[in-house]
Each structure stands twice: as C-alpha cells, then as structure tokens.
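Enquirer: Here you go, this is entry-v7.cif (mmCIF, C-alpha atoms).
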data_data
loop_
_atom_site.label_atom_id
_atom_site.label_comp_id
_atom_site.auth_asym_id
_atom_site.auth_seq_id
_atom_site.Cartn_x
_atom_site.Cartn_y
_atom_site.Cartn_z
CA MET M 746 96.39 128.70 110.72
CA ASN M 747 98.99 129.74 113.24
CA LEU M 748 102.44 129.07 111.77
CA THR M 749 105.79 129.12 113.52
CA PRO M 750 108.40 131.60 112.19
CA GLU M 751 110.14 128.72 110.38
CA GLN M 752 106.92 127.53 108.77
CA GLN M 753 106.00 131.10 107.76
CA ALA M 754 109.44 131.53 106.18
CA ILE M 755 108.88 128.40 104.06
CA LEU M 756 105.47 129.72 103.00
CA ASN M 757 107.09 133.05 102.04
CA GLY M 758 109.46 131.22 99.70
CA GLU M 759 112.68 131.58 101.69
CA LYS M 760 113.52 127.89 101.06
CA GLY M 761 112.50 127.81 97.44
CA GLU M 762 109.42 127.88 95.27
CA VAL M 763 108.71 124.16 95.51
CA LEU M 764 108.68 124.03 99.34
CA ALA M 765 106.55 127.18 99.36
CA LYS M 766 103.96 125.31 97.25
CA VAL M 767 104.14 122.35 99.63
CA MET M 768 103.53 124.59 102.66
CA LYS M 769 100.73 126.45 100.87
CA THR M 770 99.03 123.13 100.11
CA LEU M 771 99.29 122.05 103.77
CA VAL M 772 97.91 125.37 104.99
CA MET M 773 94.99 125.30 102.55
CA TYR M 774 94.22 121.71 103.55
CA GLY M 775 94.37 122.66 107.23
CA ASP M 776 92.15 125.70 106.72
CA ALA M 777 89.57 123.54 104.94
CA PHE M 778 89.27 121.33 108.02
CA GLY M 779 89.54 124.08 110.63
CA ALA M 780 93.02 123.12 111.88
CA GLU M 781 94.70 125.68 114.13
CA LYS M 782 98.32 124.67 113.54
CA LEU M 783 100.67 122.05 112.14
CA VAL M 784 101.70 119.31 114.56
CA PRO M 785 105.05 117.51 114.54
CA VAL M 786 105.48 114.00 113.17
CA THR M 787 107.27 112.22 115.97
CA SER M 788 107.32 108.62 114.74
CA LYS M 789 110.56 107.14 113.46
CA TYR M 790 109.06 106.00 110.14
CA GLY M 791 106.14 107.03 107.98
CA HIS M 792 103.84 105.01 105.74
CA THR M 793 102.18 105.72 102.39
CA VAL M 794 99.11 103.92 101.10
CA ILE M 795 99.96 104.83 97.49
CA SER M 796 102.03 101.96 96.16
CA PHE M 797 100.81 101.71 92.58
CA GLY M 798 101.99 103.43 89.39
CA ILE M 799 98.61 103.80 87.72
CA ASN M 800 98.29 105.96 84.60
CA THR M 801 95.50 108.18 85.95
CA MET M 802 97.87 109.44 88.68
CA LYS M 803 100.54 110.71 86.29
CA PRO M 804 100.12 114.35 87.53
CA VAL M 805 101.02 113.15 91.06
CA TYR M 806 104.21 111.48 89.81
CA ASP M 807 105.07 114.65 87.87
CA LEU M 808 104.83 116.57 91.17
CA TYR M 809 107.12 114.04 92.83
CA ASP M 810 109.66 114.64 90.06
CA GLN M 811 109.52 118.38 90.81
CA LEU M 812 110.15 117.71 94.49
CA LEU M 813 113.10 115.46 93.76
CA ALA M 814 114.55 117.83 91.15
CA SER M 815 114.40 120.74 93.60
CA GLY M 816 116.70 118.91 96.01
CA VAL M 817 114.14 118.64 98.80
CA LYS M 818 115.46 116.47 101.62
CA PHE M 819 113.00 113.95 103.04
CA GLN M 820 113.51 113.74 106.81
CA GLN M 821 111.74 110.44 107.42
CA LYS M 822 112.02 107.02 105.82
CA PHE M 823 108.77 105.19 105.17
CA THR M 824 107.06 101.95 104.20
CA ALA M 825 104.26 101.51 101.64
CA ASP M 826 101.19 99.41 100.96
CA PRO M 827 101.57 96.17 98.94
CA LEU M 828 102.60 96.36 95.30
CA PRO M 829 99.82 95.86 92.73
CA LEU M 830 101.99 93.42 90.74
CA ASP M 831 103.36 90.71 92.98
CA PRO M 832 105.75 88.42 91.08
CA ASN M 833 104.81 85.60 93.46
CA VAL M 834 101.19 85.68 92.26
CA PRO M 835 100.66 83.63 89.06
CA SER M 836 99.42 85.57 86.01
CA ASN M 837 98.87 84.73 82.36
CA LEU M 838 100.13 86.49 79.25
CA LEU M 839 97.01 88.60 78.79
CA GLN M 840 97.03 89.74 82.43
CA ASN M 841 100.70 90.69 82.18
CA LEU M 842 99.97 92.69 79.03
CA VAL M 843 97.02 94.56 80.53
CA PHE M 844 98.59 95.23 83.92
CA LYS M 845 102.19 96.02 82.93
CA GLN M 846 101.71 97.76 79.59
CA PHE M 847 98.49 99.62 80.27
CA MET M 848 97.02 99.75 83.77
CA TYR M 849 100.28 99.97 85.79
CA LYS M 850 102.59 101.22 83.06
CA LEU M 851 104.10 103.85 85.39
CA GLN M 852 104.96 101.37 88.15
CA PRO M 853 108.76 101.29 87.50
CA ARG M 854 108.89 105.09 87.47
CA TYR M 855 106.97 105.39 90.73
CA GLU M 856 109.00 102.73 92.54
CA GLU M 857 112.19 104.59 91.62
CA GLN M 858 110.65 107.81 93.02
CA LEU M 859 109.81 106.03 96.27
CA ARG M 860 113.38 104.78 96.53
CA ARG M 861 114.79 108.29 96.02
CA MET M 862 112.30 109.83 98.49
CA GLY M 863 113.35 107.49 101.29
CA MET M 864 111.61 104.12 101.04
CA LYS M 865 112.82 102.17 104.08
CA ASP M 866 113.65 99.06 102.04
CA GLU M 867 112.67 97.87 98.58
CA LYS M 868 110.96 94.89 100.22
CA ASP M 869 108.89 96.98 102.65
CA PHE M 870 105.69 97.01 100.59
CA THR M 871 103.15 95.73 103.10
CA CYS M 872 99.87 96.56 104.83
CA ALA M 873 101.32 95.10 108.04
CA CYS M 874 104.24 97.51 108.49
CA TYR M 875 104.00 97.10 112.26
CA PHE M 876 105.30 93.52 112.18
CA ASP M 877 108.69 93.04 113.82
CA GLU M 878 110.31 91.91 110.57
CA VAL M 879 109.38 95.25 108.97
CA GLY M 880 109.97 97.41 112.02
CA ASN M 881 107.65 100.35 111.31
CA ILE M 882 105.95 100.21 114.70
CA PRO M 883 103.48 103.09 115.37
CA GLU M 884 104.07 105.28 118.40
CA LYS M 885 101.66 104.40 121.16
CA VAL M 886 99.69 107.44 122.29
CA VAL M 887 97.01 105.60 124.20
CA SER M 888 95.51 102.10 124.12
CA ALA M 889 92.03 102.17 122.57
CA ASP M 890 89.55 99.95 120.74
CA VAL M 891 87.17 102.78 119.86
CA GLY M 892 87.39 106.55 119.67
CA PHE M 893 88.52 109.53 117.64
CA VAL M 894 90.62 112.69 117.74
CA PHE M 895 89.06 116.07 116.94
CA LYS M 896 91.26 119.18 117.23
CA ASN M 897 92.45 119.32 120.86
CA ARG M 898 90.14 116.57 122.13
CA ILE M 899 90.79 112.82 122.33
CA VAL M 900 87.86 110.47 122.94
CA TYR M 901 88.83 106.84 123.47
CA GLY M 902 87.90 103.66 125.26
CA GLY M 903 88.11 99.89 125.34
CA ARG M 904 85.41 97.46 124.28
CA SER M 905 83.99 97.89 127.77
CA GLY M 906 84.44 100.28 130.66
CA GLY M 907 83.29 103.58 129.22
CA LEU M 908 84.88 106.41 127.24
CA TYR M 909 87.65 108.76 128.35
CA ILE M 910 87.56 112.36 127.11
CA VAL M 911 90.83 114.28 127.27
CA SER M 912 90.99 117.99 126.39
CA ASP M 913 93.24 120.88 127.31
CA GLU M 914 91.16 121.58 130.42
CA ARG M 915 90.16 118.25 131.94
CA ILE M 916 89.88 114.49 131.81
CA GLN M 917 86.34 113.07 131.90
CA LYS M 918 84.76 109.64 131.74
CA LEU M 919 81.45 108.82 130.04
CA THR M 920 79.75 105.56 131.01
CA PHE M 921 76.49 103.94 129.91
CA PRO M 922 75.35 101.67 132.77
CA ASP M 923 73.40 99.39 130.41
CA ALA M 924 76.28 98.93 127.92
CA GLU M 925 78.27 95.69 127.82
CA TYR M 926 80.43 96.52 124.78
CA LEU M 927 81.27 99.52 122.58
CA TYR M 928 81.76 98.77 118.88
CA ARG M 929 82.14 102.18 117.23
CA VAL M 930 82.54 105.79 118.40
CA SER M 931 82.75 108.68 115.95
CA TYR M 932 81.49 112.25 115.62
CA ASN M 933 78.95 113.98 113.42
CA PRO M 934 80.91 116.22 110.99
CA ASP M 935 77.86 118.50 110.71
CA ASN M 936 78.04 119.01 114.49
CA PRO M 937 81.27 117.64 116.06
CA SER M 938 79.77 118.00 119.55
CA GLU M 939 77.47 115.10 118.66
CA TRP M 940 79.07 111.68 119.07
CA LEU M 941 77.72 108.56 117.38
CA ILE M 942 78.07 105.53 119.66
CA SER M 943 77.17 101.95 118.75
CA GLY M 944 77.43 98.95 121.04
CA GLN M 945 75.73 96.06 122.77
CA THR M 946 73.67 96.20 125.93
CA LYS M 947 74.08 93.82 128.87
CA SER M 948 70.86 92.12 127.78
CA GLY M 949 72.40 91.34 124.38
CA GLY M 950 70.65 93.95 122.24
CA ILE M 951 72.36 96.40 119.86
CA PHE M 952 72.16 100.16 120.46
CA SER M 953 73.00 103.25 118.41
CA ARG M 954 73.03 106.60 120.18
CA VAL M 955 73.74 110.25 119.51
CA CYS M 956 75.37 111.81 122.56
CA ASN M 957 76.23 115.45 123.25
CA ILE M 958 77.91 115.79 126.64
CA PHE M 959 78.19 119.58 126.24
CA ALA M 960 74.42 120.02 125.85
CA GLY M 961 73.59 117.08 128.13
CA THR M 962 71.52 115.31 125.47
CA LEU M 963 71.23 111.66 124.44
CA GLN M 964 69.14 110.09 121.67
CA ASN M 965 68.46 106.67 120.20
CA LEU M 966 69.23 106.62 116.45
CA CYS M 967 67.01 104.18 114.55
CA VAL M 968 66.14 103.11 111.02
CA ASN M 969 62.80 101.35 110.53
CA GLY M 970 62.49 101.04 114.30
CA LYS M 971 65.84 99.28 114.70
CA PRO M 972 69.17 100.74 115.94
CA ALA M 973 71.23 102.25 113.09
CA TYR M 974 74.29 100.12 113.79
CA LYS M 975 77.66 101.87 113.31
CA ALA M 976 75.88 104.91 111.88
CA ALA M 977 77.41 107.97 110.25
CA LEU M 978 75.63 111.28 109.69
CA PHE M 979 76.62 113.60 106.85
CA ASN M 980 74.76 116.57 105.37
CA GLY M 981 71.55 115.45 107.05
CA ARG M 982 71.84 111.91 105.66
CA CYS M 983 72.28 108.70 107.66
CA PHE M 984 74.48 105.78 106.61
CA TYR M 985 74.68 102.59 108.62
CA ALA M 986 75.80 98.95 108.56
CA GLU M 987 72.69 97.13 107.38
CA ARG M 988 72.45 93.48 108.40
CA GLY M 989 72.18 90.76 105.75
CA GLU M 990 70.74 87.26 105.95
CA ASN M 991 73.90 85.38 106.91
CA GLY M 992 74.48 86.34 110.52
CA PHE M 993 75.50 89.34 112.58
CA GLU M 994 78.69 90.13 110.65
CA ASP M 995 77.00 89.95 107.23
CA ARG M 996 76.53 93.68 106.65
CA ARG M 997 76.71 96.32 103.95
CA ILE M 998 76.82 100.11 104.04
CA ALA M 999 73.34 101.47 103.35
CA GLU M 1000 71.75 104.91 103.29
CA ALA M 1001 68.57 105.25 105.30
CA ALA M 1002 65.56 106.62 103.45
CA GLU M 1003 64.29 107.83 106.82
CA PHE M 1004 65.72 107.74 110.34
CA THR M 1005 64.56 108.83 113.77
CA ARG M 1006 66.28 110.37 116.77
CA THR M 1007 64.38 109.66 119.98
CA ASP M 1008 65.27 111.60 123.13
CA LEU M 1009 66.52 109.81 126.23
CA VAL M 1010 67.02 111.35 129.68
CA PHE M 1011 70.78 111.94 129.82
CA GLU M 1012 71.01 111.80 133.60
CA LYS M 1013 69.23 108.41 133.71
CA SER M 1014 71.05 106.80 130.77
CA ALA M 1015 74.62 108.08 131.11
CA ILE M 1016 77.16 108.97 133.79
CA LEU M 1017 79.63 111.78 133.11
CA GLU M 1018 82.47 112.16 135.62
CA THR M 1019 85.31 114.66 135.78
CA LEU M 1020 88.37 112.61 136.75
CA ASP M 1021 90.86 115.43 136.81
CA THR M 1022 91.16 119.11 135.95
CA LEU M 1023 94.35 120.01 134.14
CA PRO M 1024 96.51 122.85 135.51
CA THR M 1025 95.67 126.37 134.35
CA THR M 1026 98.30 128.66 132.84
CA PHE M 1027 98.56 130.52 136.15
CA GLN M 1028 99.10 127.24 138.02
CA MET M 1029 101.71 126.17 135.46
CA VAL M 1030 103.66 129.39 136.03
CA GLY M 1031 103.65 128.65 139.76
CA LYS M 1032 104.83 125.07 139.18
CA PHE M 1033 107.59 126.27 136.86
CA THR M 1034 108.78 128.86 139.38
CA LYS M 1035 108.90 126.28 142.17
CA ALA M 1036 110.67 123.71 139.97
CA THR M 1037 113.28 126.28 138.93
CA TYR M 1038 113.90 127.25 142.57
CA ASN M 1039 114.30 123.59 143.62
CA TRP M 1040 116.64 122.93 140.70
CA ALA M 1041 118.81 125.92 141.61
CA LYS M 1042 118.80 124.81 145.24
CA SER M 1043 120.12 121.39 144.16
CA GLY M 1044 123.03 123.05 142.36
CA PHE M 1045 121.39 122.69 138.93
CA LYS M 1046 121.87 118.94 139.14
CA LEU M 1047 120.64 116.88 136.18
CA ALA M 1048 119.37 113.30 136.30
CA ASP M 1049 122.04 110.85 135.19
CA GLU M 1050 121.57 108.79 132.03
CA ALA M 1051 120.21 105.71 133.79
CA GLU M 1052 117.69 107.70 135.84
CA LEU M 1053 116.58 109.72 132.79
CA LYS M 1054 116.01 106.49 130.86
CA ARG M 1055 113.99 105.05 133.75
CA ARG M 1056 111.84 108.16 133.98
CA LYS M 1057 111.16 108.22 130.23
CA SER M 1058 110.24 104.54 130.23
CA THR M 1059 107.85 105.04 133.14
CA CYS M 1060 106.14 108.05 131.52
CA ASN M 1061 105.78 106.32 128.15
CA LYS M 1062 103.79 103.54 129.83
CA CYS M 1063 101.57 105.95 131.76
CA ASN M 1064 98.00 106.76 130.65
CA PHE M 1065 98.51 110.38 131.69
CA TRP M 1066 101.43 110.92 129.28
CA TYR M 1067 100.59 112.56 125.93
CA PRO M 1068 103.83 112.18 123.89
CA THR M 1069 102.92 114.23 120.79
CA ALA M 1070 101.89 117.40 122.64
CA ARG M 1071 103.93 120.60 122.67
CA MET M 1072 105.71 120.09 119.34
CA GLY M 1073 106.87 116.63 120.36
CA LEU M 1074 108.11 117.52 123.85
CA GLY M 1075 105.15 115.70 125.36
CA LYS M 1076 102.81 116.65 128.17
CA CYS M 1077 101.81 115.10 131.48
CA LEU M 1078 98.05 115.32 131.90
CA LYS M 1079 98.49 115.34 135.69
CA CYS M 1080 101.02 118.12 136.26
CA GLY M 1081 101.03 119.71 132.80
CA CYS M 1082 104.83 119.53 132.43
CA SER M 1083 106.78 118.52 129.32
CA SER M 1084 109.61 116.00 129.04
CA ALA M 1085 112.06 118.75 130.07
CA LYS M 1086 111.01 118.07 133.67
CA LEU M 1087 112.46 114.55 133.44
CA LYS M 1088 115.99 115.94 133.19
CA LEU M 1089 115.86 117.84 136.47
CA ALA M 1090 117.19 115.65 139.32
CA SER M 1091 115.21 117.70 141.86
CA GLU M 1092 111.82 116.90 140.30
CA SER M 1093 109.48 113.96 140.90
CA CYS M 1094 106.38 112.41 139.36
CA PRO M 1095 103.10 114.04 140.58
CA ILE M 1096 101.60 110.59 141.29
CA GLY M 1097 104.78 109.04 142.72
CA LYS M 1098 105.87 106.77 139.84
CA TRP M 1099 109.45 108.12 139.92
#
Show me this structure written as structure tokens.
Expert:
Amino acid sequence: MNLTPEQQAILNGEKGEVLAKVMKTLVMYGDAFGAEKLVPVTSKYGHTVISFGINTMKPVYDLYDQLLASGVKFQQKFTADPLPLDPNVPSNLLQNLVFKQFMYKLQPRYEEQLRRMGMKDEKDFTCACYFDEVGNIPEKVVSADVGFVFKNRIVYGGRSGGLYIVSDERIQKLTFPDAEYLYRVSYNPDNPSEWLISGQTKSGGIFSRVCNIFAGTLQNLCVNGKPAYKAALFNGRCFYAERGENGFEDRRIAEAAEFTRTDLVFEKSAILETLDTLPTTFQMVGKFTKATYNWAKSGFKLADEAELKRRKSTCNKCNFWYPTARMGLGKCLKCGCSSAKLKLASESCPIGKW
C-alpha cells in the first residue's frame, strides 16, 4: 500500500508501539484485499456494529484496554448497534441468570470501554442511527438503490434507468432496454470485471445476468433453467435467492448444484454510453495554470463567506461532486477540481451552477 509520510511514521513506531500495531493491522488488511491506499473518514460520526460484551470476544476487549491504556485519542465519536440486554424487554429469572452471568458477562466492561472511546451518548445504541433524534446521518456520496464500490470505480443506479459507472477516466451509463427494474448489482470476487445483475423485465419476468463491459460480454445466469435471482459467485460456486412456496418474497439462500451461463449478444441486449471523459493530468495542469492567472488578475480575491457557503451547498447537491475524493477535499467529475476552487472568487462552475 502507498502510505503518506504521516502514516508511514505511525507504522515505523514514531507514535508508540500500540499505534504501530494498529497501522500494521490496517495495512495487512488492505494488502489482503488489494487496496492501494488508506482513504480519509470524512463523516462527523462513526458507527460500530459490535454492541455486545460476549465472553468469546474477550481478546477483543483486552485489545481495547491496551488502546485506552496507551492514551490513544479517538478523533471521532460514534453510535453502536442495539444492546443485547434491553431493560425494557421482559425477562424471567433464568434468562437473567444465563444472559447476565454467563453469555453477556462482559457487557458492563465493554460498555465502559465504548464510553471512554467516544460513544456519542449512552442512549445511542440503535440500528437506526440515521434518525434525526440520534443525529448520526451518513454523508451522501450519491443517491443509489443498487450498486457497489470497487477500488477507484463506483457503479450505481436507481431501481430503473440504468447503471452509472464512474472511474478516474470517465463516466459511463449501462442500460438494458428490456429491463423495467434492477434489484441487485454486485461483482464477482473471482473476476471483479464481471458484474452480477438481477432485475425484472418489462414483460414481468425475472432476469439474472453476468455482464463484463470491458470484454463486451453478457450472459444469462440460470439454475435448473430459471434465472439465479440475486446470485453471488465465489470460488466457482453459485449462491442465489431460491424461491419458496409462499410468494415472491419467500426466499432462502441456496447453493446451486449446477448452474449455466448462456451467452447473449452484448450489442443487442445492452447499451453502453460514455457520458463524459474526465480531464487528464495534462488538462488539469492547464486548468490550474489558467485559474491561478485569473485569480492573480482579480487581485487574489476570495469568495466571501455567504458565496462560499452557496457554492458548497450547490456542489454537495450535484451528481458530479465526489466529496470523499482527494483525502476529503472532494473532486468535481466535470472539471476535475477540488473544493479549493470554491474559495477563488474568479472561478465558476463548469456547468454554470454558480
């Protein structure tokens, strides 16, 4: 992984042995999944799904004690999933004995650790942290019903209208003319260029397809002659949502004993459009030079507070704004500039929004 000088210093132990172990763990985890770098966490609050003090996780709580004892400062407050023992839920004597004295014996210890690490509020144990009364509202990157993120590529879309593919080089749109709705879009971990797409056709039937826009291939994915609905491929095996006897939503995860991939003609079954090509490095240098000249010509004038706020608000609502890019500075997918451009009074939006 490519680390910044600050991250490398932490890994080298310049901020203590404990933080060096933390950074080493992150780097090893990133290497295992082919990550190129660490990305900034830009949200105001975090969230942990571990909210229970179960005995089998004692080594994890021991590690938390080491972190706290080392004086590590947690930069972000967070919420957590619901508590396993809710005092508002009735329980009998035997249940209290089993849960409190055996199964969740470490619960008080873990809740105290959460408090010391930066739990937002002792009442913020919830799986709906985005509610207004809790206030842990996720940062909106883009509106999507289906899609995924893989390295530097975002694939997303609504229930209808096709898929948008955003990479460092371009923005594309993939449409299936016969599709009415999209229900699930994921990628094949054995070959991330293959995307697994399930949906409903305009005639009401279900489809499951394997699409590779880079190779220009498209296949129907079926089990026993029927579409493998919401399928996942892993190590040559196929898992899918098998339908039960009580209606469309009565389903269970099943592994297919056998499955087939039948070729379709990509050009007849799909439409792939390039909506925009992102600026190259050479073009960005030219834009930066011109922007600097215009700024100097204006007397290095900065946008006032009201104008800066208006520009930020406009960009945050725009589909071309990618707020987590460039270490949190953001990136416009039209002009390629970061949020630094917003401060220059001489600059304007490439599509005329400000």
Enquirer: Can you list, as a PyMOL selection string, the residues that the PyMOL selection byres ((chain M and resi 1012) around 12) selects here?
Expert: chain M and resi 919-922+956+958+960-963+1008-1011+1013-1018
Enquirer: I'd like the residues picked by the PyMOL selection byres ((chain M and resi 753) around 12) written out as a PyMOL selection string, using the chain letters and numbers from the file.
Expert: chain M and resi 746-752+754-760+764-765+768-769+771-772+782-783
Enquirer: Let me know the residues the PyMOL selection byres ((chain M and resi 982-995) around 10) catches in the file above, as a list in words.
Expert: Ser953, Leu966, Cys967, Val968, Pro972, Ala973, Tyr974, Lys975, Ala976, Ala977, Leu978, Phe979, Asn980, Gly981, Arg996, Arg997, Ile998, Ala999, Glu1000, Ala1001, Ala1002, Glu1003, Phe1004 and Thr1005 of chain M
Enquirer: Could you turn the residues from that selection into a file that holds C-alpha atoms, as a PDB file, in the frame of the given file?
Expert:
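The resulting file, selection26.pdb, is shown below:
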ATOM      1  CA  SER M 953      73.000 103.250 118.410  1.00  0.00           C
ATOM      2  CA  LEU M 966      69.230 106.620 116.450  1.00  0.00           C
ATOM      3  CA  CYS M 967      67.010 104.180 114.550  1.00  0.00           C
ATOM      4  CA  VAL M 968      66.140 103.110 111.020  1.00  0.00           C
ATOM      5  CA  PRO M 972      69.170 100.740 115.940  1.00  0.00           C
ATOM      6  CA  ALA M 973      71.230 102.250 113.090  1.00  0.00           C
ATOM      7  CA  TYR M 974      74.290 100.120 113.790  1.00  0.00           C
ATOM      8  CA  LYS M 975      77.660 101.870 113.310  1.00  0.00           C
ATOM      9  CA  ALA M 976      75.880 104.910 111.880  1.00  0.00           C
ATOM     10  CA  ALA M 977      77.410 107.970 110.250  1.00  0.00           C
ATOM     11  CA  LEU M 978      75.630 111.280 109.690  1.00  0.00           C
ATOM     12  CA  PHE M 979      76.620 113.600 106.850  1.00  0.00           C
ATOM     13  CA  ASN M 980      74.760 116.570 105.370  1.00  0.00           C
ATOM     14  CA  GLY M 981      71.550 115.450 107.050  1.00  0.00           C
ATOM     15  CA  ARG M 996      76.530  93.680 106.650  1.00  0.00           C
ATOM     16  CA  ARG M 997      76.710  96.320 103.950  1.00  0.00           C
ATOM     17  CA  ILE M 998      76.820 100.110 104.040  1.00  0.00           C
ATOM     18  CA  ALA M 999      73.340 101.470 103.350  1.00  0.00           C
ATOM     19  CA  GLU M1000      71.750 104.910 103.290  1.00  0.00           C
ATOM     20  CA  ALA M1001      68.570 105.250 105.300  1.00  0.00           C
ATOM     21  CA  ALA M1002      65.560 106.620 103.450  1.00  0.00           C
ATOM     22  CA  GLU M1003      64.290 107.830 106.820  1.00  0.00           C
ATOM     23  CA  PHE M1004      65.720 107.740 110.340  1.00  0.00           C
ATOM     24  CA  THR M1005      64.560 108.830 113.770  1.00  0.00           C
TER      25      THR M1005
END
Enquirer: Please compute the atom CA of Lys789 of chain M-atom CA of Thr1059 of chain M distance, one decimal, in Å.
Expert: 20.0 Å
Enquirer: To one decimal place, how far is atom CA of Asn933 of chain M from atom CA of Asp890 of chain M in Å?
Expert: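 Interatomic distance here is 19.0 Å.
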Enquirer: Could you check the closest approach to Cys1080 of chain M for each of M:Thr770, M:Gln1028, M:Thr824, M:Thr1034 and tell me which residue wins, using only C-alpha atoms?
Expert: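 Smallest separation from Cys1080 of chain M among the options: M:Gln1028.
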Enquirer: Neighbouring residues of Ile882 of chain M were defined as those with any atom within 9 Å, considering all atoms listed in the file; residues of the same chain fewer than 5 positions away were excluded. Please report them as a PDB file with C-alpha atoms, in the frame of the given file.
Expert:
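See selection21.pdb below for the written result:
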ATOM      1  CA  SER M 788     107.320 108.620 114.740  1.00  0.00           C
ATOM      2  CA  LYS M 789     110.560 107.140 113.460  1.00  0.00           C
ATOM      3  CA  TYR M 790     109.060 106.000 110.140  1.00  0.00           C
ATOM      4  CA  CYS M 874     104.240  97.510 108.490  1.00  0.00           C
ATOM      5  CA  TYR M 875     104.000  97.100 112.260  1.00  0.00           C
ATOM      6  CA  PHE M 876     105.300  93.520 112.180  1.00  0.00           C
ATOM      7  CA  ASP M 877     108.690  93.040 113.820  1.00  0.00           C
TER       8      ASP M 877
END
Enquirer: Quick one, how far is atom CA of Tyr774 of chain M from atom CA of Gln852 of chain M?
Expert: 27.7 Å
Enquirer: With 6 Å as the threshold, what does the neighbourhood of (68.8, 110.9, 116.9) contain in terms of residues, counting only C-alpha atoms? Coordinates are those of the file; answer as JSON, numbers by chain.
Expert: {"M": [955, 964, 965, 966, 1005, 1006, 1007]}
Enquirer: Looking at M:Gly906, M:Phe823, M:Phe952, M:Phe959, which one is nearest to Asn936 of chain M, with distances taken over all atoms listed in the file?
Expert: M:Phe959
Enquirer: Have a look at M:Asn833, M:Asn1061, M:Thr1037, M:Ser1091 and name the one nearest to Cys1077 of chain M; count all atoms listed in the file.
Expert: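 Among M:Asn833, M:Asn1061, M:Thr1037, M:Ser1091, it is M:Asn1061 that comes nearest to Cys1077 of chain M.
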Enquirer: Starting from the point (117.7, 114.4, 135.9), work out which residues of protein, DNA or RNA have an atom no more than 10 Å away when counting all atoms listed in the file; state them as a list in words.
Expert: Trp1040, Phe1045, Lys1046, Leu1047, Ala1048, Asp1049, Glu1050, Ala1051, Glu1052, Leu1053, Lys1054, Arg1056, Ala1085, Lys1086, Leu1087, Lys1088, Leu1089, Ala1090, Ser1091, Glu1092 and Ser1093 of chain M
Enquirer: For segment 1034-1054 of chain M, supply N, CA and C atoms and format the output as a PDB file, in the frame of the given file.
Expert:
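New file rebuild29.pdb:
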ATOM      1  N   THR M1034     107.975 128.060 138.464  1.00  0.00           N
ATOM      2  CA  THR M1034     108.780 128.860 139.380  1.00  0.00           C
ATOM      3  C   THR M1034     109.332 128.005 140.521  1.00  0.00           C
ATOM      4  N   LYS M1035     108.471 127.155 141.075  1.00  0.00           N
ATOM      5  CA  LYS M1035     108.900 126.280 142.170  1.00  0.00           C
ATOM      6  C   LYS M1035     109.937 125.271 141.699  1.00  0.00           C
ATOM      7  N   ALA M1036     109.729 124.703 140.500  1.00  0.00           N
ATOM      8  CA  ALA M1036     110.670 123.710 139.970  1.00  0.00           C
ATOM      9  C   ALA M1036     112.034 124.352 139.711  1.00  0.00           C
ATOM     10  N   THR M1037     112.026 125.580 139.195  1.00  0.00           N
ATOM     11  CA  THR M1037     113.280 126.280 138.930  1.00  0.00           C
ATOM     12  C   THR M1037     114.029 126.570 140.229  1.00  0.00           C
ATOM     13  N   TYR M1038     113.288 126.975 141.261  1.00  0.00           N
ATOM     14  CA  TYR M1038     113.900 127.250 142.570  1.00  0.00           C
ATOM     15  C   TYR M1038     114.537 125.979 143.137  1.00  0.00           C
ATOM     16  N   ASN M1039     113.780 124.862 143.083  1.00  0.00           N
ATOM     17  CA  ASN M1039     114.300 123.590 143.620  1.00  0.00           C
ATOM     18  C   ASN M1039     115.526 123.111 142.844  1.00  0.00           C
ATOM     19  N   TRP M1040     115.509 123.346 141.531  1.00  0.00           N
ATOM     20  CA  TRP M1040     116.640 122.930 140.700  1.00  0.00           C
ATOM     21  C   TRP M1040     117.891 123.741 141.057  1.00  0.00           C
ATOM     22  N   ALA M1041     117.687 125.063 141.227  1.00  0.00           N
ATOM     23  CA  ALA M1041     118.810 125.920 141.610  1.00  0.00           C
ATOM     24  C   ALA M1041     119.342 125.525 142.990  1.00  0.00           C
ATOM     25  N   LYS M1042     118.428 125.203 143.892  1.00  0.00           N
ATOM     26  CA  LYS M1042     118.800 124.810 145.240  1.00  0.00           C
ATOM     27  C   LYS M1042     119.634 123.528 145.242  1.00  0.00           C
ATOM     28  N   SER M1043     119.376 122.652 144.253  1.00  0.00           N
ATOM     29  CA  SER M1043     120.120 121.390 144.160  1.00  0.00           C
ATOM     30  C   SER M1043     121.473 121.564 143.492  1.00  0.00           C
ATOM     31  N   GLY M1044     121.777 122.809 143.069  1.00  0.00           N
ATOM     32  CA  GLY M1044     123.030 123.050 142.360  1.00  0.00           C
ATOM     33  C   GLY M1044     122.915 122.755 140.880  1.00  0.00           C
ATOM     34  N   PHE M1045     121.683 122.935 140.346  1.00  0.00           N
ATOM     35  CA  PHE M1045     121.390 122.690 138.930  1.00  0.00           C
ATOM     36  C   PHE M1045     121.793 121.271 138.518  1.00  0.00           C
ATOM     37  N   LYS M1046     121.519 120.334 139.401  1.00  0.00           N
ATOM     38  CA  LYS M1046     121.870 118.940 139.140  1.00  0.00           C
ATOM     39  C   LYS M1046     120.896 118.303 138.165  1.00  0.00           C
ATOM     40  N   LEU M1047     121.446 117.580 137.168  1.00  0.00           N
ATOM     41  CA  LEU M1047     120.640 116.880 136.180  1.00  0.00           C
ATOM     42  C   LEU M1047     120.586 115.385 136.508  1.00  0.00           C
ATOM     43  N   ALA M1048     119.495 114.753 136.108  1.00  0.00           N
ATOM     44  CA  ALA M1048     119.370 113.300 136.300  1.00  0.00           C
ATOM     45  C   ALA M1048     120.410 112.596 135.442  1.00  0.00           C
ATOM     46  N   ASP M1049     121.044 111.570 135.983  1.00  0.00           N
ATOM     47  CA  ASP M1049     122.040 110.850 135.190  1.00  0.00           C
ATOM     48  C   ASP M1049     121.331 110.038 134.093  1.00  0.00           C
ATOM     49  N   GLU M1050     122.117 109.474 133.203  1.00  0.00           N
ATOM     50  CA  GLU M1050     121.570 108.790 132.030  1.00  0.00           C
ATOM     51  C   GLU M1050     120.634 107.643 132.403  1.00  0.00           C
ATOM     52  N   ALA M1051     121.022 106.852 133.380  1.00  0.00           N
ATOM     53  CA  ALA M1051     120.210 105.710 133.790  1.00  0.00           C
ATOM     54  C   ALA M1051     118.873 106.158 134.378  1.00  0.00           C
ATOM     55  N   GLU M1052     118.919 107.192 135.222  1.00  0.00           N
ATOM     56  CA  GLU M1052     117.690 107.700 135.840  1.00  0.00           C
ATOM     57  C   GLU M1052     116.787 108.331 134.795  1.00  0.00           C
ATOM     58  N   LEU M1053     117.372 109.083 133.843  1.00  0.00           N
ATOM     59  CA  LEU M1053     116.580 109.720 132.790  1.00  0.00           C
ATOM     60  C   LEU M1053     115.878 108.655 131.945  1.00  0.00           C
ATOM     61  N   LYS M1054     116.593 107.589 131.638  1.00  0.00           N
ATOM     62  CA  LYS M1054     116.010 106.490 130.860  1.00  0.00           C
ATOM     63  C   LYS M1054     114.862 105.841 131.620  1.00  0.00           C
TER      64      LYS M1054
END
